[in-house]
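Novice: Quick one, target33.txt (compact mmCIF, C-alpha atoms and all ligand atoms):
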```
# COMPACT_ATOMS: atom_id res chain seq x y z
CA MET O 8 13.04 -61.09 -31.62
CA ALA O 9 10.43 -59.70 -29.21
CA SER O 10 6.91 -61.07 -29.43
CA ILE O 11 4.68 -59.20 -31.84
CA ASP O 12 2.56 -58.02 -28.88
CA THR O 13 5.63 -56.28 -27.45
CA ALA O 14 6.82 -55.07 -30.85
CA VAL O 15 3.59 -53.17 -31.55
CA VAL O 16 4.00 -51.23 -28.30
CA HIS O 17 7.73 -50.48 -28.60
CA GLY O 18 8.38 -50.50 -32.37
CA GLY O 19 9.99 -47.30 -33.68
CA ARG O 20 10.46 -45.82 -30.21
CA ASP O 21 14.16 -46.63 -29.90
CA ASP O 22 15.37 -43.00 -29.96
CA LEU O 23 12.78 -41.46 -27.61
CA THR O 24 14.63 -41.82 -24.31
CA ALA O 25 17.78 -40.27 -25.78
CA ALA O 26 15.60 -37.45 -27.16
CA GLY O 27 14.19 -36.92 -23.64
CA VAL O 28 10.56 -37.55 -24.60
CA HIS O 29 8.04 -40.31 -23.94
CA ALA O 30 5.66 -39.92 -26.90
CA PRO O 31 6.95 -39.74 -30.50
CA PRO O 32 7.23 -36.04 -31.36
CA LEU O 33 5.47 -34.62 -34.41
CA ASP O 34 8.00 -32.81 -36.59
CA ARG O 35 6.28 -30.62 -39.20
CA SER O 36 9.39 -28.85 -40.52
CA THR O 37 9.59 -28.53 -44.28
CA THR O 38 13.23 -27.47 -44.19
CA TYR O 39 16.06 -28.00 -41.70
CA PRO O 40 19.02 -25.86 -40.56
CA LEU O 41 22.36 -26.98 -41.97
CA ALA O 42 25.49 -27.14 -39.78
CA SER O 43 27.55 -26.22 -42.84
CA LEU O 44 27.15 -26.17 -46.60
CA ARG O 45 29.51 -29.14 -46.85
CA SER O 46 27.50 -31.34 -44.42
CA GLY O 47 24.23 -30.26 -46.08
CA THR O 48 25.52 -31.34 -49.49
CA ALA O 49 26.69 -34.68 -48.06
CA ASP O 50 23.32 -35.39 -46.43
CA LEU O 51 21.41 -34.36 -49.54
CA ALA O 52 23.49 -36.74 -51.66
CA ARG O 53 23.15 -39.53 -49.09
CA LEU O 54 19.35 -39.24 -48.87
CA ALA O 55 18.94 -38.86 -52.65
CA ASP O 56 20.79 -42.19 -52.95
CA GLY O 57 18.14 -43.77 -50.70
CA ALA O 58 19.81 -43.78 -47.26
CA ALA O 59 17.43 -44.33 -44.33
CA THR O 60 18.79 -41.47 -42.21
CA PRO O 61 20.91 -38.34 -42.61
CA VAL O 62 24.09 -37.84 -40.59
CA ASP O 63 23.53 -34.19 -39.55
CA SER O 64 20.33 -32.82 -41.08
CA PRO O 65 17.30 -34.09 -43.07
CA VAL O 66 17.92 -31.02 -45.29
CA TYR O 67 14.35 -30.92 -46.73
CA ALA O 68 11.20 -32.83 -45.73
CA ARG O 69 10.75 -34.51 -49.12
CA LEU O 70 14.08 -36.26 -48.44
CA HIS O 71 13.43 -37.38 -44.86
CA ASN O 72 11.13 -36.80 -41.89
CA PRO O 73 11.92 -38.15 -38.40
CA THR O 74 8.23 -38.70 -37.44
CA VAL O 75 7.63 -40.75 -40.59
CA ALA O 76 10.92 -42.64 -40.11
CA ARG O 77 9.92 -43.70 -36.57
CA TRP O 78 6.65 -45.23 -37.77
CA GLU O 79 8.50 -46.92 -40.64
CA ARG O 80 10.90 -48.54 -38.14
CA GLY O 81 7.87 -49.79 -36.19
CA ILE O 82 6.35 -51.41 -39.30
CA ALA O 83 9.71 -52.92 -40.31
CA THR O 84 9.96 -54.54 -36.86
CA LEU O 85 6.47 -56.05 -37.20
CA GLU O 86 7.07 -57.35 -40.74
CA ARG O 87 10.48 -58.76 -39.65
CA ALA O 88 12.02 -56.66 -42.42
CA ASP O 89 15.22 -54.57 -42.56
CA ALA O 90 13.23 -51.48 -43.43
CA ALA O 91 9.87 -50.02 -44.38
CA VAL O 92 9.12 -47.03 -46.62
CA ALA O 93 5.94 -44.99 -46.15
CA PHE O 94 3.83 -43.34 -48.88
CA GLY O 95 0.87 -41.00 -49.09
CA SER O 96 -1.57 -43.86 -49.87
CA GLY O 97 -1.66 -47.59 -50.55
CA MET O 98 -1.90 -46.88 -54.29
CA ALA O 99 1.17 -44.61 -54.10
CA ALA O 100 2.97 -47.55 -52.44
CA VAL O 101 1.90 -49.94 -55.25
CA THR O 102 3.01 -47.43 -57.90
CA ALA O 103 6.35 -46.79 -56.18
CA THR O 104 7.03 -50.53 -55.94
CA LEU O 105 6.34 -50.98 -59.67
CA LEU O 106 8.67 -48.06 -60.41
CA ALA O 107 11.39 -49.29 -58.04
CA ALA O 108 11.18 -52.80 -59.52
CA GLY O 109 11.79 -51.33 -62.98
CA ALA O 110 8.40 -52.59 -64.16
CA ILE O 111 7.69 -49.63 -66.43
CA GLY O 112 7.62 -50.85 -70.02
CA ARG O 113 7.96 -54.42 -68.80
CA HIS O 114 5.92 -57.49 -67.93
CA VAL O 115 4.10 -58.23 -64.64
CA VAL O 116 2.44 -61.45 -63.47
CA ALA O 117 -0.64 -60.84 -61.30
CA ILE O 118 -3.00 -63.18 -59.47
CA ARG O 119 -6.66 -62.16 -59.31
CA PRO O 120 -8.52 -61.03 -57.35
CA LEU O 121 -6.58 -57.95 -56.34
CA TYR O 122 -7.93 -54.71 -54.88
CA GLY O 123 -9.86 -52.98 -57.72
CA GLY O 124 -7.46 -50.01 -57.86
CA THR O 125 -4.42 -52.27 -58.24
CA ASP O 126 -6.23 -54.37 -60.83
CA HIS O 127 -7.11 -51.21 -62.77
CA LEU O 128 -3.56 -49.87 -62.59
CA LEU O 129 -2.24 -53.11 -64.12
CA ALA O 130 -5.08 -53.78 -66.57
CA SER O 131 -5.12 -50.21 -67.92
CA GLY O 132 -1.38 -50.19 -68.62
CA LEU O 133 -1.31 -46.64 -67.23
CA LEU O 134 2.30 -47.20 -66.15
CA ALA O 135 3.19 -48.91 -69.45
CA THR O 136 3.29 -52.35 -67.85
CA ARG O 137 2.02 -55.47 -69.63
CA THR O 138 0.20 -57.92 -67.34
CA THR O 139 -0.39 -61.66 -67.52
CA TRP O 140 -3.20 -62.66 -65.18
CA ALA O 141 -2.41 -66.09 -63.74
CA ARG O 142 -3.99 -68.50 -61.32
CA PRO O 143 -1.69 -69.31 -58.36
CA ASP O 144 -0.56 -72.60 -59.96
CA GLU O 145 0.13 -70.92 -63.33
CA VAL O 146 2.75 -68.43 -62.10
CA ALA O 147 5.77 -70.43 -63.31
CA ASP O 148 4.30 -70.70 -66.83
CA ALA O 149 3.39 -67.00 -66.90
CA ILE O 150 6.93 -65.78 -66.13
CA GLU O 151 8.76 -64.32 -69.13
CA ASP O 152 12.38 -63.17 -69.57
CA ASP O 153 11.14 -59.61 -69.12
CA THR O 154 8.97 -60.17 -66.00
CA ALA O 155 9.72 -57.48 -63.42
CA LEU O 156 7.62 -58.84 -60.55
CA VAL O 157 4.76 -61.08 -59.43
CA ILE O 158 1.93 -59.49 -57.46
CA VAL O 159 -0.52 -61.28 -55.17
CA GLU O 160 -2.93 -60.55 -52.31
CA THR O 161 -3.76 -63.11 -49.63
CA PRO O 162 -6.34 -63.10 -48.14
CA ALA O 163 -7.53 -61.45 -51.32
CA ASN O 164 -9.79 -58.42 -51.56
CA PRO O 165 -12.76 -59.01 -51.64
CA THR O 166 -13.28 -62.80 -51.80
CA LEU O 167 -10.88 -63.76 -48.96
CA ALA O 168 -9.31 -66.32 -51.33
CA LEU O 169 -6.04 -67.65 -49.88
CA VAL O 170 -2.86 -68.12 -51.91
CA ASP O 171 0.09 -70.29 -50.86
CA LEU O 172 2.88 -67.71 -50.62
CA ALA O 173 5.79 -70.16 -50.46
CA ALA O 174 4.48 -71.93 -53.57
CA VAL O 175 4.19 -68.64 -55.50
CA VAL O 176 7.68 -67.58 -54.42
CA GLU O 177 9.09 -70.93 -55.54
CA GLN O 178 7.43 -70.65 -58.95
CA ALA O 179 8.63 -67.06 -59.33
CA GLY O 180 12.27 -68.19 -59.01
CA ASP O 181 14.49 -65.11 -59.36
CA VAL O 182 11.56 -62.79 -60.06
CA PRO O 183 10.67 -60.69 -56.98
CA VAL O 184 7.24 -61.16 -55.37
CA LEU O 185 5.08 -58.31 -54.05
CA VAL O 186 2.46 -59.35 -51.46
CA ASP O 187 -0.35 -56.97 -50.54
CA ASN O 188 -0.66 -57.83 -46.84
CA THR O 189 -3.40 -55.29 -46.06
CA PHE O 190 -6.09 -57.82 -45.10
CA ALA O 191 -3.90 -59.92 -42.80
CA THR O 192 -1.80 -57.15 -41.19
CA PRO O 193 1.64 -58.12 -39.85
CA ILE O 194 -0.10 -59.42 -36.72
CA LEU O 195 -1.49 -62.37 -38.70
CA GLN O 196 0.94 -62.77 -41.62
CA ARG O 197 4.47 -61.69 -42.46
CA PRO O 198 5.08 -62.40 -46.17
CA LEU O 199 8.87 -61.90 -46.00
CA GLU O 200 9.04 -64.99 -43.73
CA HIS O 201 7.67 -66.96 -46.70
CA GLY O 202 10.19 -65.59 -49.19
CA ALA O 203 8.31 -62.55 -50.53
CA THR O 204 10.40 -59.55 -51.57
CA TRP O 205 7.99 -56.80 -50.47
CA ALA O 206 5.06 -56.76 -47.99
CA LEU O 207 2.78 -53.86 -48.87
CA HIS O 208 -0.07 -52.27 -46.90
CA SER O 209 -2.78 -49.81 -47.49
CA ALA O 210 -2.12 -48.36 -44.02
CA THR O 211 -5.43 -46.55 -44.47
CA LYS O 212 -6.94 -49.78 -43.12
CA ALA O 213 -6.11 -51.67 -39.90
CA LEU O 214 -2.68 -50.04 -39.41
CA GLY O 215 -4.42 -46.67 -39.10
CA GLY O 216 -7.42 -48.42 -37.61
CA HIS O 217 -9.67 -45.42 -36.93
CA GLY O 218 -10.78 -44.37 -40.41
CA ASP O 219 -8.97 -41.03 -40.33
CA VAL O 220 -5.69 -41.51 -42.23
CA ILE O 221 -4.80 -42.34 -45.85
CA ALA O 222 -1.38 -43.99 -46.07
CA GLY O 223 0.67 -46.79 -47.59
CA VAL O 224 3.83 -48.64 -46.58
CA VAL O 225 6.17 -51.25 -48.04
CA ALA O 226 8.45 -53.48 -45.90
CA CYS O 227 11.50 -55.10 -47.54
CA SER O 228 15.30 -55.48 -47.51
CA GLU O 229 17.42 -52.35 -47.01
CA GLU O 230 18.58 -52.58 -50.64
CA ARG O 231 14.99 -52.60 -51.93
CA ALA O 232 14.10 -49.83 -49.47
CA GLN O 233 16.81 -47.60 -50.92
CA ALA O 234 15.24 -47.91 -54.37
CA LEU O 235 11.81 -47.10 -52.91
CA ARG O 236 13.14 -44.02 -51.07
CA GLN O 237 14.75 -42.80 -54.30
CA VAL O 238 11.40 -43.14 -56.07
CA ARG O 239 9.59 -41.39 -53.20
CA ILE O 240 12.00 -38.46 -53.30
CA VAL O 241 11.62 -37.86 -57.05
CA THR O 242 7.87 -38.53 -57.26
CA GLY O 243 7.04 -36.75 -54.00
CA ALA O 244 4.53 -39.46 -52.97
CA LEU O 245 5.15 -38.60 -49.31
CA LEU O 246 3.33 -39.53 -46.15
CA ASP O 247 2.42 -36.36 -44.25
CA PRO O 248 4.07 -36.32 -40.77
CA GLN O 249 0.70 -35.68 -39.08
CA ALA O 250 -0.59 -38.91 -40.66
CA ALA O 251 2.57 -40.76 -39.55
CA TYR O 252 2.04 -39.44 -36.01
CA LEU O 253 -1.53 -40.81 -35.98
CA LEU O 254 -0.38 -44.12 -37.47
CA HIS O 255 2.28 -44.49 -34.78
CA ARG O 256 -0.31 -43.66 -32.13
CA SER O 257 -2.48 -46.51 -33.48
CA LEU O 258 0.32 -49.06 -33.48
CA PRO O 259 0.30 -50.19 -29.81
CA THR O 260 -3.35 -51.29 -30.06
CA LEU O 261 -2.99 -53.03 -33.44
CA ALA O 262 -2.78 -56.59 -32.09
CA LEU O 263 -5.65 -56.02 -29.64
CA ARG O 264 -7.88 -54.52 -32.33
CA VAL O 265 -7.06 -57.17 -34.94
CA ARG O 266 -7.69 -60.09 -32.56
CA ALA O 267 -10.90 -58.65 -31.09
CA ALA O 268 -12.33 -58.05 -34.57
CA GLN O 269 -11.14 -61.46 -35.72
CA ASN O 270 -12.95 -63.23 -32.86
CA SER O 271 -16.19 -61.55 -33.87
CA ALA O 272 -15.61 -62.29 -37.56
CA CYS O 273 -15.19 -66.02 -36.77
CA GLU O 274 -18.42 -66.02 -34.74
CA LEU O 275 -20.37 -64.09 -37.39
CA ALA O 276 -19.07 -66.39 -40.16
CA LYS O 277 -20.50 -69.37 -38.25
CA ARG O 278 -23.86 -67.71 -37.61
CA LEU O 279 -24.14 -66.45 -41.20
CA GLN O 280 -23.60 -69.97 -42.53
CA GLY O 281 -26.85 -71.04 -40.96
CA ARG O 282 -28.80 -67.92 -41.94
CA ALA O 283 -31.54 -68.28 -44.53
CA GLY O 284 -31.02 -65.95 -47.48
CA VAL O 285 -27.23 -66.24 -47.27
CA THR O 286 -26.05 -68.61 -49.99
CA ALA O 287 -22.30 -68.52 -49.25
CA VAL O 288 -19.95 -67.28 -46.53
CA HIS O 289 -16.28 -66.62 -47.24
CA HIS O 290 -13.96 -66.47 -44.23
CA PRO O 291 -10.61 -68.23 -43.86
CA SER O 292 -11.78 -69.71 -40.51
CA LEU O 293 -14.23 -71.95 -42.41
CA PRO O 294 -12.67 -75.28 -43.48
CA GLU O 295 -14.18 -75.06 -46.97
CA CYS O 296 -12.45 -71.68 -47.49
CA ASP O 297 -9.04 -73.07 -46.54
CA LEU O 298 -8.75 -76.47 -48.21
CA ASP O 299 -4.94 -76.40 -48.15
CA GLY O 300 -4.60 -75.46 -44.47
CA LEU O 301 -2.98 -72.11 -45.30
CA VAL O 302 -4.17 -70.32 -42.18
CA ASP O 303 -2.12 -72.75 -40.08
CA ARG O 304 0.79 -72.77 -42.49
CA GLN O 305 1.32 -69.08 -43.22
CA MET O 306 -0.96 -67.09 -40.90
CA ASP O 307 -1.55 -66.59 -37.19
CA GLY O 308 -5.31 -66.24 -37.64
CA PRO O 309 -8.03 -65.86 -40.27
CA GLY O 310 -8.57 -62.12 -39.89
CA SER O 311 -11.50 -59.78 -39.53
CA LEU O 312 -12.80 -59.47 -43.12
CA LEU O 313 -15.51 -61.69 -44.44
CA ALA O 314 -17.70 -61.85 -47.51
CA ILE O 315 -21.19 -63.22 -47.98
CA GLU O 316 -23.36 -63.94 -50.98
CA VAL O 317 -27.03 -63.14 -50.57
CA GLU O 318 -29.95 -64.71 -52.34
CA GLY O 319 -31.51 -62.22 -54.75
CA GLY O 320 -28.29 -60.82 -56.24
CA TYR O 321 -27.73 -57.08 -56.67
CA GLU O 322 -31.16 -55.96 -55.44
CA ALA O 323 -30.92 -58.04 -52.25
CA ALA O 324 -27.36 -56.88 -51.58
CA ALA O 325 -28.36 -53.24 -52.09
CA ARG O 326 -31.24 -53.73 -49.66
CA VAL O 327 -28.90 -55.10 -46.96
CA MET O 328 -26.66 -52.04 -47.32
CA GLU O 329 -29.70 -49.78 -46.98
CA HIS O 330 -31.07 -51.58 -43.92
CA VAL O 331 -27.99 -51.91 -41.69
CA ALA O 332 -27.93 -49.50 -38.78
CA LEU O 333 -24.79 -50.35 -36.79
CA PHE O 334 -22.67 -51.33 -39.79
CA THR O 335 -21.79 -48.32 -41.93
CA PRO O 336 -22.46 -48.80 -45.66
CA ALA O 337 -19.03 -47.62 -46.81
CA VAL O 338 -15.90 -48.75 -48.62
CA SER O 339 -12.57 -49.20 -46.79
CA LEU O 340 -11.89 -51.63 -43.96
CA GLY O 341 -9.92 -52.30 -40.80
CA SER O 342 -11.52 -49.60 -38.67
CA THR O 343 -12.73 -49.94 -35.07
CA ASP O 344 -16.29 -49.77 -36.43
CA SER O 345 -17.87 -52.30 -38.80
CA LEU O 346 -18.33 -51.49 -42.49
CA ILE O 347 -20.26 -53.20 -45.28
CA GLN O 348 -19.81 -52.65 -49.01
CA HIS O 349 -20.67 -54.11 -52.41
CA PRO O 350 -17.41 -54.90 -54.29
CA ALA O 351 -18.96 -55.29 -57.78
CA GLY O 352 -20.59 -51.87 -57.49
CA LEU O 353 -17.82 -50.07 -55.60
CA THR O 354 -14.23 -51.19 -54.84
CA HIS O 355 -14.05 -53.56 -57.82
CA HIS O 356 -16.34 -51.67 -60.20
CA VAL O 357 -13.32 -50.66 -62.32
CA VAL O 358 -12.34 -54.30 -62.91
CA ASP O 359 -13.20 -55.84 -66.29
CA ASP O 360 -16.71 -57.37 -65.99
CA GLU O 361 -15.76 -60.83 -67.16
CA ALA O 362 -12.60 -60.98 -65.04
CA ARG O 363 -14.51 -59.74 -62.00
CA THR O 364 -17.16 -62.43 -62.31
CA ALA O 365 -14.53 -65.11 -62.99
CA SER O 366 -12.70 -64.20 -59.78
CA GLY O 367 -15.88 -64.68 -57.73
CA VAL O 368 -17.07 -61.08 -57.40
CA GLY O 369 -20.72 -61.43 -58.33
CA PRO O 370 -23.79 -59.17 -57.92
CA GLY O 371 -24.85 -60.75 -54.61
CA LEU O 372 -21.45 -60.46 -52.91
CA LEU O 373 -21.08 -58.16 -49.90
CA ARG O 374 -17.79 -57.56 -48.08
CA LEU O 375 -17.91 -57.01 -44.33
CA SER O 376 -15.12 -55.42 -42.32
CA ILE O 377 -15.73 -56.36 -38.72
CA GLY O 378 -14.92 -53.82 -36.01
CA ILE O 379 -14.57 -54.17 -32.26
CA GLU O 380 -18.22 -53.68 -31.30
CA ASP O 381 -20.12 -56.33 -29.32
CA VAL O 382 -20.61 -59.38 -31.54
CA ASP O 383 -24.27 -59.89 -30.60
CA ASP O 384 -25.07 -56.30 -31.52
CA LEU O 385 -23.38 -56.85 -34.89
CA TRP O 386 -25.32 -60.07 -35.43
CA ASP O 387 -28.64 -58.43 -34.56
CA ASP O 388 -27.92 -55.68 -37.06
CA LEU O 389 -27.06 -58.10 -39.87
CA ASP O 390 -29.97 -60.40 -39.04
CA GLN O 391 -32.53 -57.60 -39.30
CA ALA O 392 -30.98 -56.28 -42.54
CA LEU O 393 -30.62 -59.61 -44.36
CA PRO O 394 -33.40 -60.82 -46.64
CA VAL O 395 -35.91 -63.09 -44.95
CA GLY O 396 -35.07 -66.39 -46.63
CA PRO O 397 -37.35 -69.33 -47.31
CA THR O 398 -37.00 -70.67 -43.77
CA GLY O 399 -36.49 -67.43 -41.93
C1 LIG O 401 -5.92 -54.60 -50.37
C2 LIG O 401 -5.77 -53.15 -50.74
N1 LIG O 401 -4.61 -52.74 -51.29
C3 LIG O 401 -4.43 -51.44 -51.64
C4 LIG O 401 -5.43 -50.51 -51.47
C5 LIG O 401 -5.19 -49.07 -51.87
O1 LIG O 401 -4.96 -48.32 -50.72
P1 LIG O 401 -5.30 -46.74 -50.57
O2 LIG O 401 -6.78 -46.60 -50.67
O3 LIG O 401 -4.72 -46.42 -49.23
O4 LIG O 401 -4.60 -46.05 -51.67
C6 LIG O 401 -6.64 -50.89 -50.91
C7 LIG O 401 -7.73 -49.91 -50.71
O5 LIG O 401 -8.85 -50.26 -50.42
C8 LIG O 401 -6.82 -52.25 -50.53
O6 LIG O 401 -7.97 -52.69 -49.99
```
Now, as a test, write the supplied structure out as structure tokens.

Specialist:
Amino acid sequence: MASIDTAVVHGGRDDLTAAGVHAPPLDRSTTYPLASLRSGTADLARLADGAATPVDSPVYARLHNPTVARWERGIATLERADAAVAFGSGMAAVTATLLAAGAIGRHVVAIRPLYGGTDHLLASGLLATRTTWARPDEVADAIEDDTALVIVETPANPTLALVDLAAVVEQAGDVPVLVDNTFATPILQRPLEHGATWALHSATKALGGHGDVIAGVVACSEERAQALRQVRIVTGALLDPQAAYLLHRSLPTLALRVRAAQNSACELAKRLQGRAGVTAVHHPSLPECDLDGLVDRQMDGPGSLLAIEVEGGYEAAARVMEHVALFTPAVSLGSTDSLIQHPAGLTHHVVDDEARTASGVGPGLLRLSIGIEDVDDLWDDLDQALPVGPTG
């Protein structure tokens, strides 16, 4: 298996030389010529059953698109998976996985915190699922005969809490485990290597990396991928080929971007720990945030997201967001530029108040997505925006 640094550059480009091109072509066709009615029917049936590729023709773009398929092969390579299936957003990917796992009308075990949208989807029962919220060490007890899947995020959005993936998989037994790997990216963590069934991404984040694409993707076995493709075909939760083209264009720089941002996040975490007015810093690089040594055990680095708690609660946090100049006060993450947001008021606002507080998302918590700007410039911006504490 090629190093991940090589895989990001070459992933999904296997057919380009034979096609006589150097850059992945953007195919915007909605329909495709058929060599014969017979071969068209065969390909339609094959794709509707969840096959990865047609034999002669994609038939219709809701069944298959070559530009999307190339980017999917790239993601599968990075996640060390048989296959990956792309969707129109991260939430479409979560929904499709629940559908493909047969979770509708059944039971799900979920570990908080999760991204607010995922939490809301499960807590609201909008897809007729019934959820037991469990701590990581309660998963075995939470499993029922009817449990369709276990869902977990690590590092978790927005607290950066780490969960031992191998331990969750062991407790889940025969029940499949869905890991939202958005924060780590496949550069830093590959959940399938720890026994997970699906590794899911909001590709809107670091995989896209430039804040201009909404997308989702799930990496898994070919058998699981077939079920996901079937769901995608009938629900139409497609990734637009233009978005797939941009995502593939972002792939070769993924490792460079993730590591550059991560270096700055580690440095800022250290500086913020000593900053008056900051009462807590959450970043997996800090020993107190990784008591079980999970970064070494299941990751290749602590990542580029961090969270801080500021003295003065909501008002102080709101003031920081109003006073930053280089950081953009905005939701989302994983872009080349740095973003700052208030989870309790924004990304996790939809989460039940009590559950949100219990999972560590309080009024003074700010989540920072570090970009690839100069670290001293980022520090200066935070330092001038943070409240002047008792010693500062
Ligand atoms: C960890 C995580 N998972 C899933 C999602 C949903 O992704 P999307 O916004 O692409 O639908 C998000 C969005 O912020 C996220 O942060």

Novice: Per residue of chain O within 9 Å of ligand LIG 401 (chain O), what are the shortest atom pair and its distance in Å to one decimal, counting all atoms listed in the file, with rows by chain and residue number, as JSON lines?

Specialist:
```
{"residue": "O:Gly95", "atom": "CA", "partner": "O:LIG401", "partner_atom": "O3", "distance": 7.8}
{"residue": "O:Ser96", "atom": "CA", "partner": "O:LIG401", "partner_atom": "O3", "distance": 4.1}
{"residue": "O:Gly97", "atom": "CA", "partner": "O:LIG401", "partner_atom": "O1", "distance": 3.4}
{"residue": "O:Met98", "atom": "CA", "partner": "O:LIG401", "partner_atom": "O4", "distance": 3.9}
{"residue": "O:Ala99", "atom": "CA", "partner": "O:LIG401", "partner_atom": "O4", "distance": 6.4}
{"residue": "O:Ala100", "atom": "CA", "partner": "O:LIG401", "partner_atom": "O4", "distance": 7.8}
{"residue": "O:Val101", "atom": "CA", "partner": "O:LIG401", "partner_atom": "C3", "distance": 7.4}
{"residue": "O:Leu121", "atom": "CA", "partner": "O:LIG401", "partner_atom": "C1", "distance": 6.9}
{"residue": "O:Tyr122", "atom": "CA", "partner": "O:LIG401", "partner_atom": "C2", "distance": 4.9}
{"residue": "O:Gly123", "atom": "CA", "partner": "O:LIG401", "partner_atom": "C6", "distance": 7.8}
{"residue": "O:Gly124", "atom": "CA", "partner": "O:LIG401", "partner_atom": "C5", "distance": 6.5}
{"residue": "O:Thr125", "atom": "CA", "partner": "O:LIG401", "partner_atom": "C3", "distance": 6.7}
{"residue": "O:Glu160", "atom": "CA", "partner": "O:LIG401", "partner_atom": "C1", "distance": 6.9}
{"residue": "O:Thr161", "atom": "CA", "partner": "O:LIG401", "partner_atom": "C1", "distance": 8.8}
{"residue": "O:Pro162", "atom": "CA", "partner": "O:LIG401", "partner_atom": "C1", "distance": 8.8}
{"residue": "O:Ala163", "atom": "CA", "partner": "O:LIG401", "partner_atom": "C1", "distance": 7.1}
{"residue": "O:Asn164", "atom": "CA", "partner": "O:LIG401", "partner_atom": "C1", "distance": 5.6}
{"residue": "O:Pro165", "atom": "CA", "partner": "O:LIG401", "partner_atom": "O6", "distance": 8.1}
{"residue": "O:Asp187", "atom": "CA", "partner": "O:LIG401", "partner_atom": "N1", "distance": 6.1}
{"residue": "O:Asn188", "atom": "CA", "partner": "O:LIG401", "partner_atom": "C1", "distance": 7.1}
{"residue": "O:Thr189", "atom": "CA", "partner": "O:LIG401", "partner_atom": "C1", "distance": 5.0}
{"residue": "O:Phe190", "atom": "CA", "partner": "O:LIG401", "partner_atom": "C1", "distance": 6.2}
{"residue": "O:Leu207", "atom": "CA", "partner": "O:LIG401", "partner_atom": "N1", "distance": 7.9}
{"residue": "O:His208", "atom": "CA", "partner": "O:LIG401", "partner_atom": "N1", "distance": 6.3}
{"residue": "O:Ser209", "atom": "CA", "partner": "O:LIG401", "partner_atom": "O1", "distance": 4.2}
{"residue": "O:Ala210", "atom": "CA", "partner": "O:LIG401", "partner_atom": "O3", "distance": 6.1}
{"residue": "O:Thr211", "atom": "CA", "partner": "O:LIG401", "partner_atom": "O3", "distance": 4.8}
{"residue": "O:Lys212", "atom": "CA", "partner": "O:LIG401", "partner_atom": "O3", "distance": 7.3}
{"residue": "O:Val220", "atom": "CA", "partner": "O:LIG401", "partner_atom": "O3", "distance": 8.6}
{"residue": "O:Ile221", "atom": "CA", "partner": "O:LIG401", "partner_atom": "O3", "distance": 5.3}
{"residue": "O:Ala222", "atom": "CA", "partner": "O:LIG401", "partner_atom": "O3", "distance": 5.2}
{"residue": "O:Gly223", "atom": "CA", "partner": "O:LIG401", "partner_atom": "O3", "distance": 5.6}
{"residue": "O:Val338", "atom": "CA", "partner": "O:LIG401", "partner_atom": "O5", "distance": 7.4}
{"residue": "O:Ser339", "atom": "CA", "partner": "O:LIG401", "partner_atom": "O5", "distance": 5.3}
{"residue": "O:Leu340", "atom": "CA", "partner": "O:LIG401", "partner_atom": "O5", "distance": 7.3}
{"residue": "O:Thr354", "atom": "CA", "partner": "O:LIG401", "partner_atom": "O5", "distance": 7.0}
```

Novice: For the atom pair atom CA of Ala108 of chain O and atom CA of Glu230 of chain O, what is the interatomic distance in Å to one decimal place?

Specialist: 11.6 Å

Novice: Within 9 Å of segment 84-91 of chain O, which residues of segment 225-319 of chain O show up? Give each one with its shortest atom-to-atom distance in Å (one decimal) and the two atoms involved, counting all atoms listed in the file, rows by chain then rising residue number, as a Markdown table.

Specialist:
```
| residue | atom | partner | partner_atom | distance |
| --- | --- | --- | --- | --- |
| O:Val225 | CA | O:Ala91 | CA | 5.3 |
| O:Ala226 | CA | O:Ala91 | CA | 4.0 |
| O:Cys227 | CA | O:Ala88 | CA | 5.4 |
| O:Ser228 | CA | O:Asp89 | CA | 5.0 |
| O:Glu229 | CA | O:Asp89 | CA | 5.4 |
| O:Glu230 | CA | O:Asp89 | CA | 9.0 |
| O:Arg231 | CA | O:Ala90 | CA | 8.8 |
| O:Ala232 | CA | O:Ala90 | CA | 6.3 |
```

Novice: So which residues touch Ile11 of chain O within 9 Å, counting all atoms listed in the file, skipping near sequence neighbours fewer than 4 positions away, as a list in words?

Specialist: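 These residues fall inside the cut-off: Val15, Val16, Thr84, Leu85, Pro193, Ile194 and Ala262 of chain O.
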
Novice: Which residues come within 8 Å of Val159 of chain O, counting only C-alpha atoms, excluding same-chain residues fewer than 6 positions away, as a list in words?

Specialist: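 Close residues of Val159 of chain O: Ala117, Ile118, Arg119, Leu121, Val170, Val184, Leu185, Val186 and Asp187 of chain O.
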
Novice: Write out as a compact mmCIF listing (two decimals) with C-alpha atoms, in the coordinates of the input which residues come within 12 Å of Lys277 of chain O when counting only C-alpha atoms, dropping same-chain ones fewer than 2 positions away.

Specialist:
```txt
# COMPACT_ATOMS: atom_id res chain seq x y z
CA ASN O 270 -12.95 -63.23 -32.86
CA SER O 271 -16.19 -61.55 -33.87
CA ALA O 272 -15.61 -62.29 -37.56
CA CYS O 273 -15.19 -66.02 -36.77
CA GLU O 274 -18.42 -66.02 -34.74
CA LEU O 275 -20.37 -64.09 -37.39
CA LEU O 279 -24.14 -66.45 -41.20
CA GLN O 280 -23.60 -69.97 -42.53
CA GLY O 281 -26.85 -71.04 -40.96
CA ARG O 282 -28.80 -67.92 -41.94
CA VAL O 285 -27.23 -66.24 -47.27
CA ALA O 287 -22.30 -68.52 -49.25
CA VAL O 288 -19.95 -67.28 -46.53
CA HIS O 289 -16.28 -66.62 -47.24
CA HIS O 290 -13.96 -66.47 -44.23
CA PRO O 291 -10.61 -68.23 -43.86
CA SER O 292 -11.78 -69.71 -40.51
CA LEU O 293 -14.23 -71.95 -42.41
CA PRO O 294 -12.67 -75.28 -43.48
CA LEU O 313 -15.51 -61.69 -44.44
CA ILE O 315 -21.19 -63.22 -47.98
CA TRP O 386 -25.32 -60.07 -35.43
```
